[in-house]
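Structure below is data00.txt: compact mmCIF, C-alpha atoms.
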# COMPACT_ATOMS: atom_id res chain seq x y z
CA MET A 181 -17.01 -21.87 25.43
CA LYS A 182 -14.66 -24.66 26.57
CA LYS A 183 -12.50 -24.14 23.49
CA LYS A 184 -12.19 -20.45 24.25
CA LEU A 185 -11.26 -21.07 27.88
CA LEU A 186 -8.74 -23.74 26.96
CA THR A 187 -7.07 -21.39 24.50
CA GLY A 188 -6.89 -18.75 27.21
CA PHE A 189 -5.41 -21.23 29.64
CA LEU A 190 -2.74 -22.49 27.26
CA ALA A 191 -1.74 -18.94 26.45
CA LEU A 192 -1.94 -17.86 30.05
CA THR A 193 -0.09 -14.62 30.80
CA MET A 194 -0.62 -13.66 34.38
CA THR A 195 -0.41 -10.00 35.40
CA ALA A 196 -2.62 -9.93 38.48
CA ALA A 197 -1.69 -8.45 41.84
CA LEU A 198 -2.12 -11.38 44.19
CA ILE A 199 -2.63 -9.71 47.50
CA ALA A 200 -6.22 -8.95 46.44
CA GLY A 201 -8.66 -11.62 47.53
CA CYS A 202 -6.42 -13.15 50.15
CA GLY A 203 -8.16 -12.27 53.38
CA GLY A 204 -6.41 -10.72 56.34
CA SER A 205 -3.25 -11.64 58.13
CA SER A 206 -2.30 -15.27 58.53
CA SER A 207 -3.43 -17.19 61.57
CA GLY A 208 -0.77 -19.80 60.92
CA THR A 209 2.38 -20.28 62.91
CA THR A 210 5.34 -22.60 62.71
CA PRO A 211 4.00 -26.16 63.08
CA GLU A 212 3.73 -27.05 66.74
CA GLY A 213 6.66 -29.05 67.93
CA SER A 214 8.60 -28.67 64.68
CA THR A 215 12.34 -28.18 64.72
CA ALA A 216 15.05 -27.37 62.23
CA GLU A 217 15.61 -31.10 61.82
CA ASP A 218 12.04 -31.65 60.63
CA ALA A 219 12.80 -30.35 57.14
CA GLY A 220 15.10 -33.31 56.60
CA ASP A 221 12.98 -35.82 58.47
CA SER A 222 11.45 -38.07 55.84
CA LYS A 223 8.78 -39.21 58.30
CA THR A 224 7.53 -35.72 59.18
CA ILE A 225 5.28 -33.87 56.74
CA THR A 226 4.41 -30.22 57.44
CA VAL A 227 1.48 -28.77 55.51
CA ALA A 228 -0.02 -25.25 55.48
CA ALA A 229 -3.75 -25.34 54.70
CA SER A 230 -7.01 -23.44 54.62
CA ALA A 231 -9.38 -24.44 57.41
CA THR A 232 -12.28 -25.74 55.32
CA PRO A 233 -12.20 -28.23 53.74
CA HIS A 234 -8.46 -28.66 53.38
CA ALA A 235 -7.38 -28.99 57.01
CA GLU A 236 -10.39 -31.20 57.72
CA ILE A 237 -9.39 -33.56 54.92
CA LEU A 238 -5.79 -33.56 56.13
CA GLU A 239 -6.91 -34.47 59.65
CA GLU A 240 -8.57 -37.55 58.20
CA ALA A 241 -5.45 -38.35 56.18
CA LYS A 242 -3.30 -38.00 59.30
CA LYS A 243 -4.64 -41.28 60.70
CA ILE A 244 -3.77 -43.22 57.57
CA LEU A 245 -0.32 -41.66 57.27
CA ALA A 246 0.40 -42.50 60.90
CA ASP A 247 -0.20 -46.17 60.09
CA GLN A 248 2.45 -45.79 57.38
CA GLY A 249 4.93 -44.31 59.83
CA TYR A 250 4.49 -40.62 58.90
CA GLU A 251 3.71 -37.73 61.24
CA LEU A 252 1.53 -35.14 59.52
CA LYS A 253 1.67 -31.63 61.04
CA ILE A 254 -1.10 -29.31 59.84
CA THR A 255 -1.14 -25.53 60.30
CA VAL A 256 -4.20 -23.48 59.33
CA PHE A 257 -3.83 -20.13 57.54
CA ASP A 258 -6.62 -17.67 56.81
CA ASP A 259 -5.01 -16.06 53.76
CA TYR A 260 -3.75 -17.11 50.33
CA VAL A 261 -0.26 -15.59 50.51
CA GLN A 262 1.59 -16.90 53.55
CA PRO A 263 1.04 -20.61 52.76
CA ASN A 264 2.97 -20.12 49.53
CA MET A 265 5.71 -18.04 51.09
CA GLN A 266 6.14 -20.60 53.86
CA VAL A 267 6.60 -23.41 51.34
CA GLU A 268 8.99 -21.33 49.24
CA SER A 269 11.12 -20.61 52.32
CA GLY A 270 11.23 -24.28 53.27
CA ASP A 271 9.42 -23.80 56.58
CA PHE A 272 6.68 -26.13 55.32
CA ASP A 273 6.91 -29.12 53.01
CA ALA A 274 3.66 -28.40 51.19
CA ASN A 275 0.44 -26.46 51.17
CA TYR A 276 -3.12 -27.38 50.34
CA PHE A 277 -5.51 -24.55 49.48
CA GLN A 278 -5.09 -23.40 45.88
CA HIS A 279 -5.54 -24.30 42.23
CA THR A 280 -2.88 -24.26 39.53
CA PRO A 281 -3.82 -20.95 37.83
CA TYR A 282 -3.51 -19.14 41.16
CA MET A 283 -0.18 -20.84 41.90
CA GLU A 284 1.22 -19.94 38.48
CA THR A 285 0.15 -16.33 38.92
CA PHE A 286 1.74 -16.26 42.37
CA ASN A 287 5.01 -17.63 40.99
CA LYS A 288 5.11 -15.00 38.26
CA GLU A 289 4.34 -12.09 40.55
CA ASN A 290 6.50 -13.16 43.50
CA GLY A 291 9.42 -15.01 41.94
CA THR A 292 8.54 -18.23 43.78
CA HIS A 293 9.14 -21.74 42.52
CA LEU A 294 6.05 -23.73 43.46
CA VAL A 295 4.83 -26.76 41.53
CA ASN A 296 1.84 -29.09 41.56
CA ALA A 297 2.59 -32.38 43.32
CA GLY A 298 -0.92 -33.78 42.92
CA ASN A 299 -4.52 -32.96 41.99
CA ILE A 300 -6.76 -33.68 44.98
CA HIS A 301 -10.27 -32.20 44.82
CA TYR A 302 -12.52 -29.70 43.12
CA GLU A 303 -14.84 -27.19 44.76
CA PRO A 304 -17.56 -25.93 42.38
CA MET A 305 -17.87 -22.15 42.42
CA GLY A 306 -21.45 -20.96 42.75
CA LEU A 307 -23.66 -17.87 42.59
CA TYR A 308 -25.43 -17.48 45.93
CA PRO A 309 -28.47 -15.40 46.87
CA GLY A 310 -27.97 -12.15 48.72
CA THR A 311 -30.86 -9.77 49.20
CA LYS A 312 -32.60 -11.54 46.31
CA LYS A 313 -33.32 -15.25 46.57
CA SER A 314 -33.88 -16.22 42.95
CA LEU A 315 -32.46 -15.40 39.54
CA ASP A 316 -36.02 -14.76 38.46
CA GLU A 317 -35.70 -11.53 40.45
CA LEU A 318 -32.60 -10.37 38.53
CA ALA A 319 -33.21 -6.76 37.50
CA GLU A 320 -31.57 -3.69 36.00
CA GLY A 321 -28.64 -2.44 38.07
CA ASP A 322 -28.38 -5.36 40.48
CA THR A 323 -25.00 -5.95 42.11
CA ILE A 324 -23.10 -9.23 41.94
CA ALA A 325 -20.10 -9.54 44.24
CA VAL A 326 -17.08 -11.39 42.84
CA ASP A 327 -13.57 -12.19 44.02
CA ASN A 328 -11.00 -9.50 43.25
CA ASP A 329 -8.02 -11.75 42.59
CA THR A 330 -7.74 -12.13 38.84
CA THR A 331 -7.90 -15.90 38.45
CA ASN A 332 -11.00 -16.26 40.61
CA GLU A 333 -12.70 -13.14 39.21
CA ALA A 334 -12.29 -14.61 35.73
CA ARG A 335 -13.72 -17.87 36.95
CA ALA A 336 -16.77 -16.08 38.37
CA LEU A 337 -17.31 -14.12 35.17
CA HIS A 338 -17.16 -17.26 33.06
CA LEU A 339 -19.75 -18.83 35.34
CA LEU A 340 -22.05 -15.88 34.73
CA GLU A 341 -21.40 -16.06 30.99
CA ASP A 342 -22.07 -19.80 30.84
CA ASN A 343 -25.48 -19.10 32.31
CA GLY A 344 -26.38 -16.26 29.93
CA ILE A 345 -26.12 -13.43 32.47
CA ILE A 346 -23.29 -11.57 30.71
CA LYS A 347 -21.12 -12.05 27.62
CA LEU A 348 -17.35 -11.65 27.67
CA LYS A 349 -15.05 -10.61 24.84
CA ASP A 350 -14.02 -13.50 22.61
CA ASP A 351 -10.41 -13.33 23.78
CA ALA A 352 -11.26 -13.16 27.50
CA GLY A 353 -9.52 -16.08 29.14
CA PHE A 354 -8.38 -16.99 32.62
CA THR A 355 -7.34 -13.44 33.45
CA ALA A 356 -10.66 -11.81 32.53
CA THR A 357 -11.94 -8.93 34.65
CA LYS A 358 -15.16 -6.96 34.54
CA LEU A 359 -13.48 -4.73 31.93
CA ASP A 360 -13.74 -7.69 29.56
CA ILE A 361 -17.53 -7.78 29.72
CA GLU A 362 -18.84 -7.15 26.20
CA GLU A 363 -22.57 -7.50 26.80
CA ASN A 364 -24.38 -6.72 30.06
CA PRO A 365 -28.11 -6.65 29.24
CA ASN A 366 -29.18 -5.77 32.77
CA ASN A 367 -26.40 -3.24 33.37
CA LEU A 368 -25.33 -5.30 36.36
CA ASN A 369 -22.82 -3.86 38.78
CA ILE A 370 -19.99 -6.40 39.08
CA GLU A 371 -18.34 -5.40 42.33
CA GLU A 372 -14.97 -6.81 43.40
CA PHE A 373 -14.25 -7.81 47.00
CA GLU A 374 -11.65 -9.84 48.83
CA ALA A 375 -12.72 -13.48 48.69
CA ALA A 376 -13.24 -13.78 52.44
CA ALA A 377 -15.41 -10.63 52.49
CA ILE A 378 -17.98 -11.73 49.92
CA LYS A 379 -19.95 -13.87 52.36
CA LYS A 380 -20.50 -10.77 54.52
CA GLN A 381 -21.48 -8.69 51.50
CA LEU A 382 -24.40 -11.04 50.77
CA LYS A 383 -26.37 -9.05 53.34
CA SER A 384 -26.16 -5.92 51.20
CA VAL A 385 -25.84 -7.04 47.55
CA GLU A 386 -28.32 -8.93 45.42
CA TYR A 387 -26.02 -11.87 44.61
CA GLY A 388 -22.49 -13.07 45.22
CA VAL A 389 -20.14 -15.63 43.70
CA LEU A 390 -18.39 -17.66 46.39
CA ASN A 391 -15.43 -20.01 46.29
CA GLY A 392 -16.29 -23.44 47.61
CA ASN A 393 -14.26 -23.19 50.80
CA TYR A 394 -15.88 -19.91 51.85
CA ALA A 395 -19.34 -21.25 51.07
CA LEU A 396 -18.63 -24.26 53.28
CA GLN A 397 -17.49 -22.02 56.12
CA GLU A 398 -20.91 -20.36 55.96
CA GLY A 399 -22.69 -23.70 56.08
CA LEU A 400 -23.72 -23.42 52.42
CA THR A 401 -23.82 -26.43 50.09
CA VAL A 402 -23.41 -25.71 46.41
CA SER A 403 -25.95 -28.30 45.26
CA LYS A 404 -28.61 -27.04 47.69
CA ASP A 405 -27.94 -23.32 48.15
CA ALA A 406 -26.27 -22.01 44.98
CA LEU A 407 -28.52 -20.60 42.27
CA ILE A 408 -26.07 -21.71 39.58
CA TYR A 409 -22.75 -23.51 39.84
CA GLU A 410 -19.98 -25.07 37.76
CA ALA A 411 -20.68 -28.50 36.34
CA GLN A 412 -18.59 -31.43 37.53
CA ASP A 413 -17.62 -32.32 33.97
CA SER A 414 -16.75 -28.76 32.96
CA LEU A 415 -13.37 -27.42 31.91
CA ALA A 416 -13.47 -25.37 35.10
CA ALA A 417 -13.49 -28.58 37.14
CA GLU A 418 -10.26 -29.69 35.48
CA THR A 419 -8.64 -26.26 35.56
CA TYR A 420 -9.45 -25.25 39.12
CA VAL A 421 -8.78 -28.53 40.90
CA ASN A 422 -7.18 -27.95 44.32
CA ILE A 423 -3.64 -29.23 44.56
CA ILE A 424 -0.82 -30.15 46.88
CA ALA A 425 1.80 -27.49 46.12
CA VAL A 426 5.49 -27.90 46.96
CA LYS A 427 8.72 -26.13 46.14
CA GLU A 428 10.16 -27.28 42.83
CA GLY A 429 12.40 -30.29 43.34
CA ASN A 430 10.38 -31.73 46.22
CA GLU A 431 7.46 -33.09 44.21
CA ASN A 432 9.00 -36.55 43.93
CA SER A 433 10.09 -36.97 47.53
CA GLU A 434 8.81 -40.11 49.20
CA LYS A 435 6.85 -38.29 51.88
CA ILE A 436 5.10 -36.01 49.38
CA LYS A 437 4.21 -39.01 47.24
CA ALA A 438 2.85 -40.71 50.35
CA LEU A 439 0.75 -37.65 51.22
CA VAL A 440 -0.71 -37.38 47.72
CA ASP A 441 -1.42 -41.11 47.52
CA VAL A 442 -3.35 -41.03 50.78
CA LEU A 443 -5.33 -37.94 49.77
CA LYS A 444 -6.33 -39.73 46.55
CA SER A 445 -7.12 -43.03 48.30
CA ASP A 446 -10.54 -44.67 48.47
CA GLU A 447 -10.72 -43.91 52.18
CA ILE A 448 -10.32 -40.16 51.69
CA THR A 449 -12.55 -40.19 48.60
CA ASN A 450 -15.33 -41.76 50.63
CA PHE A 451 -14.78 -39.32 53.48
CA ILE A 452 -15.06 -36.34 51.13
CA ASN A 453 -18.18 -37.64 49.41
CA GLU A 454 -19.96 -38.39 52.68
CA LYS A 455 -18.99 -35.22 54.54
CA TYR A 456 -19.39 -32.54 51.88
CA GLU A 457 -22.35 -33.79 49.81
CA GLY A 458 -21.13 -32.46 46.47
CA ALA A 459 -19.56 -29.23 47.76
CA VAL A 460 -16.17 -30.92 47.48
CA ILE A 461 -15.56 -33.44 44.71
CA PRO A 462 -12.57 -35.82 44.69
CA PHE A 463 -10.52 -35.44 41.51
CA LYS A 464 -9.80 -38.61 39.60
CA ASP A 465 -6.94 -38.55 37.08

Spell out the structure here as structure tokens.
Amino acid sequence: MKKKLLTGFLALTMTAALIAGCGGSSSGTTPEGSTAEDAGDSKTITVAASATPHAEILEEAKKILADQGYELKITVFDDYVQPNMQVESGDFDANYFQHTPYMETFNKENGTHLVNAGNIHYEPMGLYPGTKKSLDELAEGDTIAVDNDTTNEARALHLLEDNGIIKLKDDAGFTATKLDIEENPNNLNIEEFEAAAIKKQLKSVEYGVLNGNYALQEGLTVSKDALIYEAQDSLAAETYVNIIAVKEGNENSEKIKALVDVLKSDEITNFINEKYEGAVIPFKD
């Protein structure tokens, strides 16, 4: 399975429409107190982030960066589009919410020039109970809700395949959709929703696959609440690690290096391990 996924990743050709799965309108605004001069201020770092766990981790990093002479300004967004557009435009130095396959798809579809400045953490994707509380109850025609953006839908489908629930076509890679399902013994209904909407759908569908950040927002812990989830040593863990994304050319700036170093420090590693209890896993190169 890992060999198949790796082949798909290396040959990645992204054709997804990225607006799907990105929630509603952004709640972010220009960083409070920022000015036109901030973009050139090597001691000011502006970051667009998802609320959980990204902004929470950044708040912890802010204290350490302050001791190093940096001011970290964090703005929370509730979608997956504006953080990238804001970094592309130069209004923000970086963002922290996405994994590399999503970023590469976004670049291809939107003509942006974002790059990975550092691998920070991994959030295992899990299958969570909806109206049914156990996989022992899985039956003919049950519905499983999955994310409708291509990279995360593929990830969900591979999770289901790894656990024997479905079988995908041999050439299904990191852009797989439900159309790539080759075997579906229980004739399951794989229903696509925006990522932020899946948690609400759990009240009306049998099961749902949630991204780690949305599970956390619902107070769910993957190791305790998910029925199945991605292994820490899986190819998925390496592929879907959450990153600091910047506009190409800025990845080697001193302040971005400082931000990444702090986020990968022992202090932040310990904070993540203690706070999230396995729902967020620090990535070690």

Would you give me, as JSON lines, each residue of segment 238-286 of chain A having an atom within 10 Å of an atom of segment 359-378 of chain A, along with its shortest atom pair and that distance in Å to one decimal, using only C-alpha atoms and sorting by chain and residue number?
{"residue": "A:Asp258", "atom": "CA", "partner": "A:Ala376", "partner_atom": "CA", "distance": 8.8}
{"residue": "A:Asp259", "atom": "CA", "partner": "A:Ala376", "partner_atom": "CA", "distance": 8.6}
{"residue": "A:Tyr260", "atom": "CA", "partner": "A:Ala375", "partner_atom": "CA", "distance": 9.8}

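Each of A:Glu428, A:Tyr282, A:Ile324, A:His338 was compared to Asp350 of chain A using only C-alpha atoms, and A:His338 turns out to be the nearest.
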
Response to the item:
Judged by only C-alpha atoms, the minimum distance to Leu307 of chain A among A:Leu443, A:Leu407, A:Ala319, A:Val426 is found for A:Leu407

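Shortest atom-to-atom contact with Val261 of chain A among A:Lys243, A:Glu236, A:Glu386, A:Ala228: A:Ala228, counting only C-alpha atoms.
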
Worksheet item: What does the distance between atom CA of Leu400 of chain A and atom CA of Lys444 of chain A come to in Å, to one decimal place?
Response: 24.6 Å

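When atom CA of Lys383 of chain A is paired with atom CA of Gly458 of chain A, their separation reads 25.0 Å.
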
Practice prompt. Between A:Gly298, A:Tyr409, A:Leu318, A:Phe286, single out the one closest to Glu341 of chain A, counting all atoms listed in the file.
Written response: A:Tyr409

Worksheet entry | Atom pair atom CA of Val421 of chain A / atom CA of Ser433 of chain A: separation (Å) | 21.7 Å

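Using all atoms listed in the file, the residues found no farther than 10 Å from Glu447 of chain A, other than those of its own chain fewer than 5 positions away, are Glu240, Ala241, Ile244, Val442 and Ile452 of chain A.
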
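Shortest atom-to-atom contact with Asp273 of chain A among A:Asn290, A:Thr224, A:Thr331, A:Gln412: A:Thr224, counting only C-alpha atoms.
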